[in-house]
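Enquirer: I am sharing structure-v9.cif, which consists of mmCIF, C-alpha atoms:
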data_final
loop_
_atom_site.label_atom_id
_atom_site.label_comp_id
_atom_site.auth_asym_id
_atom_site.auth_seq_id
_atom_site.Cartn_x
_atom_site.Cartn_y
_atom_site.Cartn_z
CA MET A 1 64.87 43.00 34.68
CA VAL A 2 62.09 44.04 32.29
CA VAL A 3 62.98 44.81 28.68
CA THR A 4 60.22 46.52 26.70
CA ALA A 5 60.13 47.60 23.06
CA LYS A 6 57.55 50.17 22.04
CA ALA A 7 56.62 51.62 18.64
CA ALA A 8 56.64 55.39 18.05
CA ASP A 9 52.93 55.57 18.89
CA GLY A 10 53.61 54.00 22.29
CA LYS A 11 52.15 50.62 21.39
CA GLU A 12 53.98 47.75 23.00
CA ILE A 13 55.82 45.51 20.55
CA GLY A 14 57.19 43.11 23.08
CA LYS A 15 58.16 42.66 26.70
CA VAL A 16 60.63 40.21 28.20
CA GLU A 17 61.21 39.67 31.92
CA LYS A 18 64.29 38.05 33.42
CA HIS A 19 64.51 37.05 37.05
CA TYR A 20 67.84 36.81 38.80
CA HIS A 21 67.90 34.96 42.11
CA PRO A 22 68.65 31.64 43.77
CA GLN A 23 65.65 29.35 43.71
CA ALA A 24 64.97 26.72 46.31
CA THR A 25 62.44 23.95 46.86
CA ASN A 26 61.71 21.86 49.94
CA CYS A 27 63.15 18.78 48.18
CA ARG A 28 59.78 17.02 48.57
CA ASP A 29 57.90 18.59 45.66
CA THR A 30 58.82 20.67 42.63
CA LYS A 31 57.42 24.00 43.81
CA MET A 32 59.78 26.87 44.46
CA LYS A 33 59.50 28.16 48.01
CA TYR A 34 59.96 31.54 49.63
CA GLY A 35 60.86 31.76 53.30
CA ALA A 36 63.58 30.01 55.27
CA GLN A 37 61.07 27.85 57.11
CA TRP A 38 60.09 26.17 53.81
CA LYS A 39 63.27 26.26 51.71
CA VAL A 40 65.65 23.33 51.93
CA ALA A 41 68.12 23.69 49.06
CA ASN A 42 68.70 25.66 45.89
CA LEU A 43 67.95 23.88 42.65
CA ARG A 44 68.66 26.77 40.31
CA ASP A 45 70.62 29.97 40.72
CA THR A 46 70.24 32.82 38.23
CA SER A 47 71.63 35.52 40.55
CA PHE A 48 74.53 37.81 39.59
CA GLN A 49 77.80 36.10 40.39
CA PRO A 50 80.99 37.85 41.43
CA MET A 51 83.44 38.62 38.63
CA LYS A 52 81.09 37.07 36.10
CA PRO A 53 79.18 39.51 33.89
CA LYS A 54 75.64 38.34 33.16
CA LYS A 55 74.86 38.71 29.45
CA GLU A 56 71.50 38.44 27.72
CA THR A 57 70.42 38.84 24.13
CA ILE A 58 66.77 39.64 23.56
CA GLU A 59 65.18 39.89 20.11
CA PHE A 60 61.99 41.63 19.10
CA ASP A 61 60.40 41.13 15.68
CA LEU A 62 58.79 44.38 14.57
CA PRO A 63 55.23 44.32 13.20
CA GLU A 64 54.40 45.34 9.62
CA GLY A 65 55.26 48.93 8.84
CA VAL A 66 57.10 49.60 12.08
CA ARG A 67 60.70 50.64 11.47
CA ALA A 68 61.67 52.14 14.80
CA ALA A 69 61.33 51.22 18.44
CA ASP A 70 62.01 52.64 21.88
CA VAL A 71 63.70 50.03 23.98
CA THR A 72 63.58 50.36 27.75
CA VAL A 73 65.57 48.17 30.10
CA ASP A 74 64.43 48.44 33.70
CA LEU A 75 66.52 46.76 36.37
CA PHE A 76 65.13 46.63 39.89
CA TYR A 77 65.30 44.60 43.07
CA GLU A 78 62.15 42.99 44.37
CA LEU A 79 62.37 42.05 48.01
CA GLY A 80 59.89 39.33 48.85
CA ASN A 81 56.94 40.76 46.93
CA PRO A 82 56.31 43.16 44.02
CA GLU A 83 55.34 46.00 46.38
CA GLN A 84 58.83 46.04 47.85
CA LYS A 85 60.56 47.32 44.74
CA TYR A 86 63.92 49.09 44.70
CA PRO A 87 64.79 50.69 41.33
CA ILE A 88 68.42 50.19 40.22
CA HIS A 89 68.81 51.38 36.63
CA THR A 90 66.51 52.37 33.77
CA ILE A 91 68.01 52.80 30.31
CA THR A 92 66.03 53.82 27.21
CA LYS A 93 67.36 53.68 23.66
CA LYS A 94 65.84 54.54 20.30
CA VAL A 95 66.46 52.01 17.57
CA SER A 96 65.75 52.72 13.93
CA LEU A 97 65.97 50.49 10.88
CA ASP A 98 66.45 53.45 8.56
CA ARG A 99 69.83 54.94 7.92
CA MET B 1 80.34 57.57 103.42
CA ARG B 2 83.00 55.00 102.92
CA PHE B 3 80.51 52.26 103.69
CA LEU B 4 78.05 53.52 101.11
CA LYS B 5 80.71 53.61 98.43
CA LEU B 6 81.67 50.05 99.13
CA ILE B 7 78.12 48.88 98.70
CA ILE B 8 77.86 50.53 95.33
CA VAL B 9 81.01 48.87 94.08
CA LEU B 10 79.80 45.52 95.23
CA LEU B 11 76.53 45.96 93.42
CA PHE B 12 78.26 46.65 90.16
CA ILE B 13 80.37 43.57 90.50
CA SER B 14 77.49 41.34 91.43
CA VAL B 15 75.32 42.23 88.43
CA PRO B 16 77.37 40.52 85.73
CA LEU B 17 78.09 37.50 87.86
CA ALA B 18 74.43 36.97 88.66
CA ALA B 19 73.48 37.48 85.04
CA SER B 20 76.03 35.05 83.67
CA ALA B 21 75.44 32.39 86.29
CA ASP B 22 72.04 31.30 85.06
CA LYS B 23 70.13 31.47 81.83
CA ALA B 24 67.62 34.13 80.91
CA LYS B 25 64.02 33.24 81.73
CA THR B 26 62.39 36.20 80.01
CA ILE B 27 62.95 38.32 76.91
CA ASP B 28 63.76 41.14 79.26
CA ASP B 29 66.47 39.07 81.03
CA LEU B 30 68.03 38.04 77.72
CA ALA B 31 67.97 41.58 76.37
CA LYS B 32 69.62 42.86 79.57
CA MET B 33 72.25 40.13 79.53
CA TYR B 34 73.36 41.24 76.06
CA ASP B 35 72.51 44.90 76.52
CA SER B 36 74.93 47.13 74.63
CA SER B 37 73.29 50.48 75.23
CA ARG B 38 76.11 51.66 77.49
CA CYS B 39 78.67 51.10 74.70
CA LYS B 40 77.07 54.20 73.15
CA ASP B 41 78.60 56.46 75.81
CA CYS B 42 82.08 55.89 74.43
CA HIS B 43 81.55 54.41 70.95
CA ALA B 44 78.84 56.81 69.80
CA GLU B 45 79.61 56.69 66.09
CA ILE B 46 79.80 52.90 65.86
CA TYR B 47 76.72 52.59 68.03
CA GLY B 48 74.78 54.96 65.78
CA GLN B 49 75.72 52.89 62.72
CA TRP B 50 74.91 49.57 64.35
CA GLU B 51 71.56 50.88 65.63
CA LYS B 52 70.43 51.52 62.05
CA SER B 53 71.70 48.17 60.78
CA HIS B 54 69.82 44.94 60.17
CA HIS B 55 71.90 43.41 62.97
CA ALA B 56 69.99 45.63 65.38
CA ARG B 57 66.63 44.18 64.28
CA PRO B 58 67.24 40.53 63.36
CA LEU B 59 63.75 39.31 64.32
CA MET B 60 61.82 42.26 62.96
CA GLY B 61 61.83 41.42 59.25
CA VAL B 62 62.00 44.06 56.58
CA LYS B 63 59.93 47.10 57.54
CA GLY B 64 58.77 45.54 60.78
CA GLY B 65 57.20 42.47 59.14
CA LEU B 66 57.90 40.15 62.13
CA MET B 67 58.99 37.32 59.84
CA LEU B 68 59.11 34.68 62.57
CA THR B 69 55.35 34.85 63.13
CA PRO B 70 54.49 31.69 61.10
CA LEU B 71 56.85 29.71 63.33
CA ALA B 72 54.77 30.66 66.35
CA LYS B 73 51.48 29.54 64.82
CA LYS B 74 50.28 25.99 65.06
CA GLY B 75 50.41 24.05 61.80
CA GLU B 76 51.89 26.88 59.73
CA THR B 77 55.40 25.45 59.51
CA ALA B 78 57.11 22.19 60.35
CA PHE B 79 58.74 23.99 63.28
CA SER B 80 55.64 25.52 64.85
CA PRO B 81 54.57 24.39 68.33
CA GLU B 82 51.19 22.82 69.09
CA ASP B 83 50.45 25.79 71.28
CA PRO B 84 52.53 28.94 71.80
CA LYS B 85 52.51 28.16 75.53
CA LYS B 86 54.42 24.97 74.77
CA ALA B 87 57.05 26.60 72.55
CA THR B 88 60.69 25.71 73.16
CA LEU B 89 63.93 27.04 71.68
CA LYS B 90 63.74 24.15 69.19
CA ASN B 91 60.70 25.75 67.55
CA PHE B 92 62.96 28.59 66.42
CA PRO B 93 65.96 27.07 64.59
CA CYS B 94 66.39 30.56 63.14
CA PHE B 95 68.10 31.56 66.41
CA LYS B 96 71.24 29.88 65.11
CA CYS B 97 71.99 33.04 63.15
CA HIS B 98 69.25 35.57 63.93
CA LEU B 99 69.75 35.41 67.72
CA PRO B 100 72.61 33.05 68.67
CA GLN B 101 72.57 34.19 72.31
CA ALA B 102 69.17 32.53 72.75
CA ILE B 103 70.79 29.14 72.20
CA THR B 104 73.57 29.63 74.71
CA SER B 105 71.84 31.81 77.27
CA ALA B 106 68.04 31.44 77.27
CA GLU B 107 65.55 29.04 78.84
CA ASP B 108 62.62 27.65 76.86
CA SER B 109 60.39 30.18 78.63
CA VAL B 110 61.93 32.85 76.37
CA ALA B 111 60.59 30.92 73.35
CA VAL B 112 57.10 30.87 74.90
CA GLU B 113 57.21 34.60 75.52
CA LEU B 114 58.48 35.22 71.99
CA ALA B 115 55.80 33.02 70.40
CA GLU B 116 53.11 34.91 72.30
CA ALA B 117 54.64 38.29 71.43
CA LEU B 118 54.78 37.34 67.73
CA ILE B 119 51.14 36.29 67.69
CA ALA B 120 50.18 39.49 69.51
CA GLY B 121 52.27 41.52 67.03
CA ASP B 122 54.18 43.05 69.94
CA LYS B 123 56.95 44.75 67.97
CA ALA B 124 58.36 46.60 70.95
CA LYS B 125 59.04 43.31 72.73
CA VAL B 126 60.40 41.38 69.73
CA GLY B 127 62.55 44.38 68.83
CA ARG B 128 64.45 44.09 72.11
CA LEU B 129 66.14 40.96 70.81
CA GLN B 130 69.15 42.07 68.80
CA ILE B 131 72.52 40.97 67.51
CA THR B 132 74.25 43.35 69.90
CA CYS B 133 77.88 44.40 70.12
CA ILE B 134 78.46 41.62 72.66
CA VAL B 135 77.25 38.89 70.30
CA CYS B 136 79.96 39.65 67.74
CA HIS B 137 82.65 40.88 70.13
CA SER B 138 82.31 37.96 72.56
CA ASP B 139 80.20 34.91 71.64
CA LYS B 140 81.04 34.94 67.92
CA ALA B 141 84.64 36.12 68.26
CA ILE B 142 86.20 32.68 68.71
CA VAL B 143 85.86 29.76 66.31
CA HIS B 144 88.94 27.84 67.51
CA LYS B 145 87.44 26.88 70.87
CA ARG B 146 89.53 23.71 71.24
CA GLU B 147 92.71 25.72 70.98
CA LEU B 148 91.62 29.08 72.36
CA GLY B 149 88.81 28.14 74.71
CA GLU B 150 85.39 29.69 75.23
CA PRO B 151 85.05 33.49 75.27
CA GLU B 152 86.02 34.65 78.75
CA LYS B 153 83.66 36.46 81.08
CA GLY B 154 84.30 40.18 81.27
CA VAL B 155 86.43 40.15 78.13
CA LEU B 156 85.57 41.59 74.74
CA TYR B 157 87.37 40.51 71.61
CA GLY B 158 88.45 43.08 69.08
CA ALA B 159 91.19 43.99 66.70
CA LYS B 160 93.79 44.49 69.45
CA ASN B 161 94.68 43.74 73.08
CA MET B 162 93.71 46.21 75.82
CA ASP B 163 94.69 45.39 79.39
CA SER B 164 92.15 47.82 80.62
CA HIS B 165 88.94 48.70 78.85
CA PRO B 166 86.87 51.35 80.66
CA ASP B 167 83.53 49.48 80.44
CA LYS B 168 82.13 48.39 83.83
CA ILE B 169 81.57 44.76 82.85
CA PHE B 170 83.97 44.11 80.02
CA THR B 171 87.16 45.37 81.58
CA LYS B 172 89.55 43.86 79.07
CA VAL B 173 89.81 43.52 75.30
CA LYS B 174 91.68 40.64 73.72
CA LYS B 175 92.71 40.33 70.13
CA SER B 176 90.38 38.02 68.25
CA ALA B 177 92.02 35.73 65.72
CA ILE B 178 89.14 36.17 63.27
CA MET B 179 87.89 39.75 63.63
CA HIS B 180 89.26 40.79 60.22
CA ASP B 181 88.42 37.50 58.57
CA SER B 182 85.37 36.63 56.49
CA ILE B 183 84.78 33.60 58.68
CA ALA B 184 83.58 35.94 61.47
CA CYS B 185 80.63 36.84 59.25
CA GLY B 186 80.41 33.39 57.68
CA GLN B 187 79.24 31.95 61.01
CA CYS B 188 75.82 33.47 60.33
CA HIS B 189 75.78 34.32 56.64
CA GLY B 190 75.22 30.73 55.65
CA LEU B 191 76.81 27.95 53.63
CA GLY B 192 73.71 26.17 52.34
CA PRO B 193 71.12 23.87 53.91
CA ASN B 194 71.36 23.69 57.72
CA PHE B 195 71.68 19.95 58.27
CA GLU B 196 72.12 19.87 62.02
CA PHE B 197 68.38 20.21 62.59
CA ASP B 198 65.93 17.29 62.48
CA GLN B 199 64.27 19.13 59.59
CA ALA B 200 66.83 20.64 57.20
CA PHE B 201 66.14 24.15 55.93
CA GLN B 202 67.95 26.98 54.25
CA CYS B 203 68.11 30.72 54.77
CA ALA B 204 71.14 32.85 53.88
CA ASN B 205 73.86 31.01 51.95
CA LEU B 206 75.92 33.98 50.93
CA TYR B 207 79.09 32.78 52.65
CA GLY B 208 78.92 29.64 50.51
CA SER B 209 78.72 31.84 47.45
CA TYR B 210 81.70 33.89 48.69
CA LEU B 211 83.80 30.75 49.18
CA HIS B 212 82.79 28.91 46.04
CA ASN B 213 82.29 31.73 43.53
CA TYR B 214 84.38 34.69 44.68
CA ILE B 215 87.42 33.01 46.24
CA SER B 216 87.42 30.44 43.44
CA SER B 217 87.47 33.27 40.87
CA GLY B 218 90.59 34.70 42.49
CA GLY B 219 88.88 37.20 44.83
CA THR B 220 91.04 38.31 47.76
CA LYS B 221 88.92 40.78 49.73
CA SER B 222 87.24 39.95 53.02
CA CYS B 223 83.66 40.85 53.97
CA GLN B 224 85.13 43.51 56.27
CA ASP B 225 87.25 45.01 53.45
CA CYS B 226 84.11 45.72 51.44
CA HIS B 227 81.48 46.22 54.15
CA MET B 228 83.34 47.75 57.10
CA GLN B 229 85.62 50.37 55.65
CA LYS B 230 87.06 52.49 58.48
CA GLY B 231 85.27 50.29 61.02
CA ASP B 232 81.78 51.09 59.69
CA HIS B 233 79.12 49.12 61.56
CA LEU B 234 76.15 49.94 59.33
CA PHE B 235 77.33 47.15 56.99
CA ALA B 236 75.22 48.93 54.39
CA LEU B 237 72.14 47.84 52.51
CA ASP B 238 69.40 48.98 54.79
CA TRP B 239 66.19 47.67 53.24
CA ASN B 240 64.09 50.01 55.37
CA ASP B 241 65.72 52.97 53.60
CA ASP B 242 64.34 52.75 50.04
CA LYS B 243 66.39 55.57 48.52
CA GLY B 244 69.62 54.57 50.23
CA ALA B 245 69.27 50.92 49.21
CA SER B 246 68.53 51.88 45.59
CA ALA B 247 71.55 54.18 45.50
CA LEU B 248 73.89 51.53 46.90
CA LEU B 249 72.61 48.89 44.50
CA GLY B 250 73.00 51.37 41.64
CA LYS B 251 76.65 51.80 42.53
CA ALA B 252 77.30 48.10 43.02
CA ILE B 253 75.43 46.79 39.99
CA SER B 254 76.09 48.17 36.55
CA LEU B 255 73.89 47.73 33.50
CA GLU B 256 75.08 48.18 29.94
CA VAL B 257 72.65 48.10 27.05
CA GLU B 258 73.47 47.84 23.36
CA THR B 259 70.91 47.76 20.58
CA LEU B 260 70.83 46.87 16.95
CA GLY B 261 68.12 47.31 14.31
CA TYR B 262 68.25 45.39 11.04
CA GLU B 263 66.29 43.20 8.68
CA TRP B 264 66.96 39.55 9.03
CA LEU B 265 66.65 37.45 5.92
CA LYS B 266 64.63 34.49 7.06
CA LYS B 267 64.38 32.92 3.61
CA ALA B 268 64.43 34.27 0.08
CA LYS B 269 62.58 37.60 -0.09
CA THR B 270 61.29 37.31 3.47
CA TYR B 271 62.79 40.04 5.60
CA ILE B 272 61.98 40.21 9.30
CA PRO B 273 62.60 43.64 10.85
CA LYS B 274 64.31 43.00 14.15
CA VAL B 275 65.53 44.83 17.18
CA VAL B 276 68.26 43.09 19.16
CA VAL B 277 68.94 44.18 22.71
CA SER B 278 72.09 43.03 24.46
CA THR B 279 72.41 43.57 28.18
CA THR B 280 75.42 43.07 30.42
CA ILE B 281 75.04 43.21 34.18
CA THR B 282 78.08 43.24 36.46
CA THR B 283 78.39 43.56 40.22
CA THR B 284 81.26 44.59 42.42
CA ALA B 285 80.09 42.27 45.21
CA GLY B 286 82.13 39.37 46.54
CA HIS B 287 79.25 36.90 46.37
CA ARG B 288 75.95 36.34 44.62
CA VAL B 289 73.43 39.18 44.57
CA PRO B 290 70.73 38.72 45.56
CA ASP B 291 71.11 36.03 48.20
CA GLY B 292 68.25 34.10 49.77
#
Hey, can you dump this file as structure tokens for me?
Expert:
Amino acid sequence: MVVTAKAADGKEIGKVEKHYHPQATNCRDTKMKYGAQWKVANLRDTSFQPMKPKKETIEFDLPEGVRAADVTVDLFYELGNPEQKYPIHTITKKVSLDR
Amino acid sequence: MRFLKLIIVLLFISVPLAASADKAKTIDDLAKMYDSSRCKDCHAEIYGQWEKSHHARPLMGVKGGLMLTPLAKKGETAFSPEDPKKATLKNFPCFKCHLPQAITSAEDSVAVELAEALIAGDKAKVGRLQITCIVCHSDKAIVHKRELGEPEKGVLYGAKNMDSHPDKIFTKVKKSAIMHDSIACGQCHGLGPNFEFDQAFQCANLYGSYLHNYISSGGTKSCQDCHMQKGDHLFALDWNDDKGASALLGKAISLEVETLGYEWLKKAKTYIPKVVVSTTITTTAGHRVPDG
């Protein structure tokens, strides 16, 4: 998931990426491995779990003079490498500090 | 004429016996032994679904990537042989789930041929090795072998008993105790590290997630309930179909976004303009997503 906040002029204010997947090492060093032939056991699991909503709160501090932002949340599935990308949802919202 | 007919009948009978008597020496032998192409004549719809499924291309990788190739190359993995010509079934522990029939029914010469085909990038040859109808409806249909015995020759296992099944080799269908149960899929969809090998490793562990996260949260559906509605054999999520996979994931995974803009009072007279984004992601799956 990539969450981006942009000012009205399109300038990026901030970008946060979250990765959701089980992560395994070979239990001999501390490097995460890809590929069954190298993975031995999971040491962390950030994947989506059944019947358990995954909640995140992300904060962006706006620069001087900026009072509105376009927030885009892009959720996609990356299979193996960034070229194998399957879009899931993209949601954009306008946020203003003026009422 | 009568004589000729008799010969034909005999031939048909002798094929399965000869094939089951000894183990396959070549990829071609193994593919023929588990060949399901004739099932298409009578089970066209199921066959068409299976043909497009990942079960029909378990050694091909996503988009034909031949993911077993490193295992065939010297020094690339702990499992690789010194020389592809010396490969044995033990160099491919992945067969446990990606091609279980190799373990029960192939000679080491099949591993040599596979190693060479992988190095040569021979997709047509590697693609002949599949998790066919027979793998699930015979070999993997019994897990209570002490009580129920080994799968019988000439018998398929399904959802019901059939004293006569019109196939020329599998002339009977018996009811499998586990066909509707998640354990049928769990045999290959992984619990965690595979400890039975001299070098432990892990691939899929989705069945572990099903047992320990879904069942433990009160889930009651089986893999078949969610993945095989009306006997569907596509099992869904075809990673070679970009649009289809995206659409399925979009249905299964929901994303909710809420935002808030305000000025946070950090300390006296110091306001920090802030945007807060809250996301909630939920899935309808009965296990972790993604797995592996």
Enquirer: Write out as a tab-separated table the residues of chain B that have any atom within 6 Å of an atom of chain A, one row each with the nearest atom pair and its distance in Å to one decimal, counting all atoms listed in the file, sorted by chain and then rising number.
Expert:
residue	atom	partner	partner_atom	distance
B:Pro193	CA	A:Ala41	CA	5.7
B:Phe201	CA	A:Val40	CA	4.1
B:Gln202	CA	A:Val40	CA	4.9
B:Cys203	CA	A:Ala36	CA	4.6
B:Tyr214	CA	A:Pro50	CA	5.7
B:Ser246	CA	A:Tyr86	CA	5.5
B:Gly250	CA	A:Ile88	CA	4.9
B:Gly261	CA	A:Leu97	CA	5.1
B:Tyr262	CA	A:Leu97	CA	5.6
B:Pro273	CA	A:Leu62	CA	5.4
B:Lys274	CA	A:Asp61	CA	4.6
B:Val275	CA	A:Phe60	CA	5.1
B:Val276	CA	A:Glu59	CA	4.5
B:Val277	CA	A:Ile58	CA	5.1
B:Ser278	CA	A:Thr57	CA	4.5
B:Thr279	CA	A:Glu56	CA	5.2
B:Thr280	CA	A:Lys55	CA	4.5
B:Ile281	CA	A:Lys54	CA	5.0
B:Thr282	CA	A:Pro53	CA	4.7
B:Ala285	CA	A:Pro50	CA	5.9
B:Gly286	CA	A:Pro50	CA	5.5
B:His287	CA	A:Pro50	CA	5.3
B:Arg288	CA	A:Gln49	CA	4.6
B:Val289	CA	A:Phe48	CA	5.3
B:Pro290	CA	A:His21	CA	5.8
Enquirer: Using the chain letters and numbers from the file, which residues does the PyMOL selection byres ((chain B and resi 74-86) around 8) grab, as a list in words?
Expert: Gln37 and Trp38 of chain A; Pro70, Leu71, Ala72, Lys73, Ala87, Thr88, Lys90, Asn91, Phe92, Pro93, Val112, Glu113, Ala115, Glu116 and Gln199 of chain B
Enquirer: Could you take the residues named above and write them with C-alpha atoms, as a PDB file, keeping the file's coordinate frame?
Expert:
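This is the output file part_17.pdb:
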ATOM      1  CA  GLN A  37      61.070  27.850  57.110  1.00  0.00           C
ATOM      2  CA  TRP A  38      60.090  26.170  53.810  1.00  0.00           C
TER       3      TRP A  38
ATOM      4  CA  PRO B  70      54.490  31.690  61.100  1.00  0.00           C
ATOM      5  CA  LEU B  71      56.850  29.710  63.330  1.00  0.00           C
ATOM      6  CA  ALA B  72      54.770  30.660  66.350  1.00  0.00           C
ATOM      7  CA  LYS B  73      51.480  29.540  64.820  1.00  0.00           C
ATOM      8  CA  ALA B  87      57.050  26.600  72.550  1.00  0.00           C
ATOM      9  CA  THR B  88      60.690  25.710  73.160  1.00  0.00           C
ATOM     10  CA  LYS B  90      63.740  24.150  69.190  1.00  0.00           C
ATOM     11  CA  ASN B  91      60.700  25.750  67.550  1.00  0.00           C
ATOM     12  CA  PHE B  92      62.960  28.590  66.420  1.00  0.00           C
ATOM     13  CA  PRO B  93      65.960  27.070  64.590  1.00  0.00           C
ATOM     14  CA  VAL B 112      57.100  30.870  74.900  1.00  0.00           C
ATOM     15  CA  GLU B 113      57.210  34.600  75.520  1.00  0.00           C
ATOM     16  CA  ALA B 115      55.800  33.020  70.400  1.00  0.00           C
ATOM     17  CA  GLU B 116      53.110  34.910  72.300  1.00  0.00           C
ATOM     18  CA  GLN B 199      64.270  19.130  59.590  1.00  0.00           C
TER      19      GLN B 199
END
Enquirer: Apply the PyMOL selection byres ((chain B and resi 53-60) around 8) to the displayed file and report the matching residues as a list in words.
Expert: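 Selection result, ordered by chain and number: Gln49, Trp50, Glu51, Lys52, Gly61, Val62, Lys63, Gly64, Gly65, Leu66, Met67, Leu68, His98, Leu99, Lys123, Val126, Gly127, Leu129, Gln130, Ile131, Thr132, His233, Leu234, Phe235, Ala236 and Asp238 of chain B.
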Enquirer: Applying 7 Å and only C-alpha atoms, which residues near B:Thr171 remain after dropping the ones on its own chain fewer than 5 positions away? List them as a ChimeraX atom specification.
Expert: /B:154-155,164-166
Enquirer: Report, in Å to a single decimal, how far apart atom CA of B:Tyr207 and atom CA of B:Ser182 are.
Expert: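 These atoms are spaced 8.3 Å apart.
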Enquirer: Please report, as AutoDock Vina command-line options, the centre and edge lengths in Å to one decimal of an axis-aligned box covering all listed atoms of stretch 33-42 of chain A with 5 Å per side.
Expert:
--center_x 64.1 --center_y 27.5 --center_z 51.5 --size_x 19.2 --size_y 18.4 --size_z 21.2
Enquirer: When you look at B:Gly48 with a cut-off of 12 Å (counting all atoms listed in the file), what residues show up, excluding the ones that are within fewer than 6 positions of it in the same chain? I need them as a VMD selection string.
Expert: chain B and resid 36 to 37 39 to 42 56 133 232 to 234
Enquirer: Those residues you just picked out, can you put them in a file as a PDB file, in the coordinates of the input with C-alpha atoms?
Expert:
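As written to disk, part-v2.pdb reads:
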ATOM      1  CA  SER B  36      74.930  47.130  74.630  1.00  0.00           C
ATOM      2  CA  SER B  37      73.290  50.480  75.230  1.00  0.00           C
ATOM      3  CA  CYS B  39      78.670  51.100  74.700  1.00  0.00           C
ATOM      4  CA  LYS B  40      77.070  54.200  73.150  1.00  0.00           C
ATOM      5  CA  ASP B  41      78.600  56.460  75.810  1.00  0.00           C
ATOM      6  CA  CYS B  42      82.080  55.890  74.430  1.00  0.00           C
ATOM      7  CA  ALA B  56      69.990  45.630  65.380  1.00  0.00           C
ATOM      8  CA  CYS B 133      77.880  44.400  70.120  1.00  0.00           C
ATOM      9  CA  ASP B 232      81.780  51.090  59.690  1.00  0.00           C
ATOM     10  CA  HIS B 233      79.120  49.120  61.560  1.00  0.00           C
ATOM     11  CA  LEU B 234      76.150  49.940  59.330  1.00  0.00           C
TER      12      LEU B 234
END
Enquirer: Take the PyMOL selection byres ((chain B and resi 185) around 10), run it mentally on this structure, and tell me the resulting residues as JSON, numbers by chain.
Expert: {"B": [136, 140, 141, 178, 179, 180, 181, 182, 183, 184, 186, 187, 188, 189, 190, 206, 207, 222, 223, 224]}
Enquirer: In Å, with one decimal, what is the gap from atom CA of B:Ser105 to atom CA of B:Ala24?
Expert: 6.0 Å
Enquirer: For a test of reading the model, state the distance in Å between atom CA of A:His19 and atom CA of A:Ala7, rounded to one decimal.
Expert: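 Rounded to one decimal, the two atoms are 24.8 Å apart.
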Enquirer: Which residues, written as a ChimeraX atom specification, have at least one atom at most 12 Å from B:Asp29, with only C-alpha atoms counted and residues fewer than 2 positions away on the same chain left out?
Expert: /B:15-16,18-20,22-27,31-35,101-102,105-107,109-110,113,125,128-129
